[in-house]
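Q: Just so it is clear, I am handing over my_file28.cif, which has mmCIF, C-alpha atoms and all ligand atoms.
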```
data_start
loop_
_atom_site.label_atom_id
_atom_site.label_comp_id
_atom_site.auth_asym_id
_atom_site.auth_seq_id
_atom_site.Cartn_x
_atom_site.Cartn_y
_atom_site.Cartn_z
CA PRO K 1 6.24 -5.52 -28.96
CA PRO K 2 2.88 -3.85 -28.21
CA LEU K 3 0.47 -5.86 -26.10
CA ARG K 4 -2.40 -7.75 -27.67
CA PRO K 5 -5.79 -7.73 -25.90
CA PHE K 6 -5.96 -10.40 -23.21
CA SER K 7 -7.85 -11.46 -20.12
CA ILE K 8 -6.63 -13.01 -16.90
CA ARG K 9 -8.56 -14.62 -14.06
CA LEU K 10 -8.82 -13.43 -10.49
CA ASP K 11 -9.20 -16.58 -8.41
CA ARG K 12 -11.81 -15.64 -5.81
CA SER K 13 -10.57 -17.95 -3.09
CA SER K 14 -6.80 -17.54 -3.39
CA LEU K 15 -7.03 -13.96 -4.75
CA GLU K 16 -4.29 -14.86 -7.21
CA LEU K 17 -4.09 -13.60 -10.75
CA LEU K 18 -3.97 -16.53 -13.19
CA PRO K 19 -1.68 -16.78 -14.97
CA ALA K 20 0.43 -15.17 -12.26
CA GLY K 21 2.79 -12.30 -13.06
CA PRO K 22 5.78 -11.21 -10.99
CA VAL K 23 5.28 -11.12 -7.20
CA LEU K 24 7.21 -8.65 -5.05
CA THR K 25 7.69 -9.53 -1.37
CA ARG K 26 8.30 -6.82 1.22
CA ARG K 27 9.70 -7.91 4.56
CA LEU K 28 9.93 -5.75 7.65
CA SER K 29 13.60 -5.03 6.84
CA ASP K 30 12.48 -3.41 3.57
CA LEU K 31 10.53 -0.81 5.58
CA GLU K 32 13.50 0.82 7.26
CA GLY K 33 12.90 4.30 8.64
CA LEU K 34 9.13 4.15 8.29
CA PHE K 35 7.84 2.92 11.67
CA ALA K 36 7.82 5.37 14.59
CA ASP K 37 9.48 2.97 17.05
CA GLU K 38 12.82 2.22 15.43
CA ALA K 39 14.10 -0.01 18.27
CA ALA K 40 10.95 -2.17 18.11
CA TRP K 41 11.28 -2.34 14.30
CA ARG K 42 14.90 -3.52 14.59
CA ALA K 43 14.03 -6.11 17.23
CA ASP K 44 11.31 -7.60 14.98
CA VAL K 45 13.70 -7.58 11.99
CA ASP K 46 16.28 -9.47 14.06
CA ASN K 47 13.57 -11.82 15.30
CA GLY K 48 12.57 -13.42 11.98
CA ASP K 49 12.10 -10.42 9.68
CA PRO K 50 8.46 -11.28 8.87
CA ILE K 51 6.80 -10.71 5.50
CA VAL K 52 4.65 -7.58 5.73
CA TYR K 53 3.11 -7.56 2.25
CA THR K 54 3.26 -8.95 -1.27
CA VAL K 55 2.40 -7.25 -4.56
CA ALA K 56 1.36 -9.51 -7.45
CA SER K 57 1.37 -7.77 -10.82
CA SER K 58 -0.51 -8.43 -14.01
CA PRO K 59 1.57 -8.73 -17.22
CA VAL K 60 0.94 -5.09 -18.21
CA PRO K 61 4.21 -3.10 -18.21
CA GLU K 62 4.70 0.19 -16.39
CA THR K 63 5.02 2.34 -19.49
CA ALA K 64 3.16 5.49 -20.53
CA THR K 65 -0.33 4.89 -21.99
CA GLU K 66 -0.57 1.36 -20.49
CA LEU K 67 -2.77 0.63 -17.46
CA PRO K 68 -1.09 -1.88 -15.12
CA GLN K 69 -2.83 -3.63 -12.22
CA SER K 70 -1.61 -5.36 -9.12
CA ILE K 71 -2.97 -7.08 -6.03
CA THR K 72 -1.44 -6.12 -2.69
CA ARG K 73 -1.87 -8.46 0.28
CA ILE K 74 -0.88 -7.06 3.68
CA ARG K 75 -0.44 -9.44 6.60
CA PRO K 76 -1.96 -8.62 10.00
CA GLY K 77 0.58 -7.35 12.51
CA ASP K 78 2.15 -4.33 14.11
CA VAL K 79 5.40 -2.82 15.32
CA ALA K 80 4.89 -1.59 18.90
CA GLY K 81 1.19 -1.08 18.14
CA GLU K 82 1.69 0.62 14.75
CA LEU K 83 -0.25 -1.50 12.26
CA TYR K 84 1.50 -3.08 9.27
CA PHE K 85 1.46 -0.89 6.17
CA THR K 86 2.90 -0.49 2.69
CA LYS K 87 5.88 1.81 2.16
CA GLY K 88 3.66 4.37 0.49
CA HIS K 89 4.54 6.64 -2.41
CA MET K 90 3.68 9.69 -4.46
CA HIS K 91 3.22 9.43 -8.24
CA PRO K 92 5.73 11.96 -9.60
CA VAL K 93 3.79 12.23 -12.84
CA ALA K 94 0.56 13.46 -11.26
CA GLU K 95 -1.92 10.73 -12.12
CA GLY K 96 -4.87 9.19 -10.29
CA GLU K 97 -5.28 5.60 -9.15
CA ILE K 98 -8.15 3.27 -8.22
CA TYR K 99 -8.19 0.66 -5.44
CA LEU K 100 -10.81 -2.08 -5.02
CA GLY K 101 -11.05 -3.93 -1.69
CA LEU K 102 -10.94 -7.73 -2.04
CA GLU K 103 -10.62 -9.17 1.48
CA GLY K 104 -10.12 -8.05 5.05
CA GLU K 105 -10.19 -4.59 6.52
CA GLY K 106 -7.93 -1.89 5.20
CA GLY K 107 -7.23 1.74 5.60
CA LEU K 108 -6.01 4.04 2.85
CA LEU K 109 -3.97 6.90 4.30
CA LEU K 110 -3.58 9.86 1.95
CA PHE K 111 -1.48 12.99 2.33
CA ASP K 112 -0.99 15.90 -0.07
CA GLY K 113 1.61 17.65 2.06
CA THR K 114 -1.05 19.59 3.98
CA ASP K 115 -4.24 17.58 4.36
CA ILE K 116 -4.66 14.04 5.66
CA GLU K 117 -7.44 11.69 4.58
CA PHE K 118 -8.11 8.17 5.83
CA LEU K 119 -10.50 5.94 3.87
CA GLU K 120 -11.81 2.56 4.99
CA ILE K 121 -11.39 -0.04 2.26
CA THR K 122 -13.36 -3.26 2.74
CA PRO K 123 -14.38 -5.86 0.13
CA ASP K 124 -16.18 -4.31 -2.87
CA ARG K 125 -15.38 -0.74 -1.79
CA ILE K 126 -13.57 1.41 -4.34
CA GLY K 127 -11.08 4.02 -3.15
CA TYR K 128 -10.06 6.89 -5.40
CA ILE K 129 -6.59 8.42 -5.12
CA PRO K 130 -6.50 11.81 -6.87
CA PRO K 131 -3.29 13.08 -8.51
CA GLY K 132 -0.94 14.73 -6.00
CA TRP K 133 -1.88 12.59 -2.97
CA ALA K 134 0.73 10.25 -1.50
CA HIS K 135 -0.89 6.96 -0.45
CA ARG K 136 -0.17 4.17 2.00
CA SER K 137 -2.30 1.10 2.79
CA VAL K 138 -2.73 -0.25 6.31
CA ASN K 139 -4.12 -3.58 7.48
CA VAL K 140 -6.50 -2.47 10.23
CA GLY K 141 -7.92 -5.97 10.82
CA SER K 142 -6.46 -7.86 13.75
CA ASN K 143 -6.31 -11.43 12.38
CA ASP K 144 -6.81 -11.50 8.63
CA ASP K 145 -4.93 -10.44 5.54
CA TYR K 146 -6.07 -7.26 3.80
CA SER K 147 -5.99 -7.44 0.00
CA PHE K 148 -6.91 -4.97 -2.71
CA LEU K 149 -6.61 -4.51 -6.45
CA ALA K 150 -4.88 -1.35 -7.70
CA VAL K 151 -5.19 0.07 -11.23
CA TYR K 152 -2.89 2.92 -12.21
CA PRO K 153 -1.43 4.67 -15.27
CA GLY K 154 1.81 2.98 -16.33
CA GLY K 155 3.66 6.30 -16.67
CA ALA K 156 2.83 7.52 -13.15
CA GLY K 157 6.09 6.33 -11.52
CA HIS K 158 6.63 5.69 -7.79
CA ASP K 159 8.40 8.24 -5.60
CA TYR K 160 9.25 6.64 -2.23
CA GLY K 161 11.66 9.42 -1.25
CA TRP K 162 8.78 11.88 -0.96
CA VAL K 163 7.39 9.79 1.89
CA LEU K 164 10.74 9.60 3.70
CA GLU K 165 10.94 13.38 3.48
CA HIS K 166 7.34 14.39 4.24
CA GLY K 167 5.80 11.40 6.01
CA PHE K 168 2.03 10.99 5.98
CA GLY K 169 1.01 13.47 8.67
CA ALA K 170 -0.42 10.58 10.70
CA ARG K 171 0.19 7.04 11.89
CA VAL K 172 -2.29 4.22 12.43
CA TYR K 173 -2.23 2.22 15.67
CA ALA K 174 -4.15 -0.71 17.09
CA GLY K 175 -6.46 0.73 19.75
CA ALA K 176 -8.85 -0.86 22.23
CA ALA K 177 -11.81 -0.01 19.98
CA GLY K 178 -10.12 -0.69 16.62
CA ALA K 179 -7.64 1.26 14.52
CA GLU K 180 -6.68 4.72 15.73
CA LEU K 181 -5.37 7.46 13.49
CA ARG K 182 -2.87 9.68 15.32
CA SER K 183 -1.72 12.78 13.50
CA TYR K 184 1.60 14.38 14.25
CA PRO K 185 2.96 17.88 13.69
CA GLN K 186 4.30 18.51 10.20
CA PRO K 187 7.55 20.24 9.30
CA ALA K 188 6.99 23.19 6.98
CA LEU K 189 7.21 22.16 3.29
O1 LIG P 201 0.10 1.25 -7.12
C1 LIG P 201 -0.10 1.25 -5.91
O2 LIG P 201 -0.34 2.28 -5.26
C2 LIG P 201 -0.06 -0.08 -5.18
O3 LIG P 201 -0.09 -1.13 -6.09
C3 LIG P 201 1.22 -0.13 -4.36
O4 LIG P 201 2.34 -0.03 -5.19
C4 LIG P 201 1.29 -1.38 -3.51
O5 LIG P 201 0.19 -1.42 -2.63
C5 LIG P 201 2.56 -1.46 -2.67
O6 LIG P 201 2.77 -0.26 -1.99
P1 LIG P 201 4.17 0.49 -2.17
O7 LIG P 201 4.40 0.62 -3.64
O8 LIG P 201 3.95 1.82 -1.51
O9 LIG P 201 5.21 -0.34 -1.51
NI NI P 202 0.15 4.30 -6.30
#
```
Mind turning this structure into structure tokens?
Ligand code: PA5
Ligand code: NI

A:
Amino acid sequence: PPLRPFSIRLDRSSLELLPAGPVLTRRLSDLEGLFADEAAWRADVDNGDPIVYTVASSPVPETATELPQSITRIRPGDVAGELYFTKGHMHPVAEGEIYLGLEGEGGLLLFDGTDIEFLEITPDRIGYIPPGWAHRSVNVGSNDDYSFLAVYPGGAGHDYGWVLEHGFGARVYAGAAGAELRSYPQPAL
């Protein structure tokens, strides 16, 4: 049945949507093949397989013409210095997306196959993801969770294979003076 108009509450202290929708939990084992240091990744998976991030969705379905929202919360942490991140994806139906920072310090890594962009997302900062840019979020804070709200067209889809094939052109590491973006050579597309 089509949705009726509704409102939900964003609890400012817990950053939960009320009433809560489905929550997806991504552990380190769900991020196979994405960290540079595979041996360190495997060791951390074997040693407790920590939660890296959760995605709490609103009740809006991912169907064309609808506009779903979700809140992603990334834990602080790293694998051999590479800061915890989301899997990252491309929207196969080229559509834009909006992020709004809620807590902590985040980085939004974007890659269109040629160019790399890295945006700082802190509370109350809005990041715009244009169509055709793969995107990955990184918790660049050392102790706190990084959370943000995402709003995206329900028909956009999520292509994770694109990221496995093309990467992001760069990785984000914990450095002495904060997060460090290190780009790497790209295979020809
Ligand atoms: O729509 C988005 O871009 C976000 O809500 C992401 O899906 C979320 O941050 C989780 O990242 P990923 O889907 O890459 O695992
Ligand atoms: Ni997206």

Q: Calculate how many Å separate CA of Ser142 (chain K) from CA of Leu119 (chain K), rounding to one decimal.

A: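 These two atoms are separated by 17.4 Å.
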
Q: Show me which residues sit within 9 Å of ligand NI 202 (chain P) when counting all atoms listed in the file, and put them as a ChimeraX atom specification.

A: /K:88-91,95-98,129,134-136,150-152,156-158

Q: Point out the residue among K:Asn47, K:Ser7, K:Ser29, K:Ser70 with the least atom-to-atom distance to ligand LIG 201 (chain P), counting all atoms listed in the file.

A: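 When distances to ligand LIG 201 (chain P) are compared using all atoms listed in the file, the smallest one comes from K:Ser70.
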
Q: When you draw a straight line from CA of Leu109 (chain K) to CA of Val79 (chain K), how long is it in Å?

A: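 Rounded to one decimal, the two atoms are 17.4 Å apart.
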
Q: Looking at K:Leu10, K:Ala174, K:Leu24, K:Val140, which one is nearest to ligand LIG 201 (chain P), with distances taken over all atoms listed in the file?

A: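 Distance minimum relative to ligand LIG 201 (chain P) lands on K:Leu24.
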
Q: Record the distance separating CA of Ala94 (chain K) and CA of Trp162 (chain K), expressed in Å with one decimal.

A: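 Rounded to one decimal, the two atoms are 13.3 Å apart.
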
Q: Adding 3 Å on each side of the box along x, y and z that holds all listed atoms of region 120-137 of chain K, could you give its centre and edge lengths in Å to one decimal, as AutoDock Vina command-line options?

A:
```
--center_x -7.7 --center_y 4.4 --center_z -1.8 --size_x 22.9 --size_y 26.6 --size_z 19.5
```

Q: Measuring atom to atom with all atoms listed in the file, identify which of K:Val45, K:Ala36, K:Ile116, K:Ile8 is nearest to Ser58 (chain K).

A: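 The answer is K:Ile8, which sits nearest to Ser58 (chain K).
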
Q: Determine the nearest neighbour of ligand LIG 201 (chain P) from the options K:Ile126, K:Ile121, K:Ile71, K:Ala170, counting all atoms listed in the file.

A: K:Ile71

Q: Using all atoms listed in the file, determine which residues lie at most 7 Å from Gly101 (chain K), disregarding the query and same-chain residues fewer than 4 positions distant; provide the list as a ChimeraX atom specification.

A: /K:121-126,147-149

Q: Could you save the residues just selected, with C-alpha atoms, as a PDB file, in the coordinates of the input?

A:
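This is the output file again-v5.pdb:
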```pdb
ATOM      1  CA  ILE K 121     -11.390  -0.040   2.260  1.00  0.00           C
ATOM      2  CA  THR K 122     -13.360  -3.260   2.740  1.00  0.00           C
ATOM      3  CA  PRO K 123     -14.380  -5.860   0.130  1.00  0.00           C
ATOM      4  CA  ASP K 124     -16.180  -4.310  -2.870  1.00  0.00           C
ATOM      5  CA  ARG K 125     -15.380  -0.740  -1.790  1.00  0.00           C
ATOM      6  CA  ILE K 126     -13.570   1.410  -4.340  1.00  0.00           C
ATOM      7  CA  SER K 147      -5.990  -7.440   0.000  1.00  0.00           C
ATOM      8  CA  PHE K 148      -6.910  -4.970  -2.710  1.00  0.00           C
ATOM      9  CA  LEU K 149      -6.610  -4.510  -6.450  1.00  0.00           C
TER      10      LEU K 149
END
```
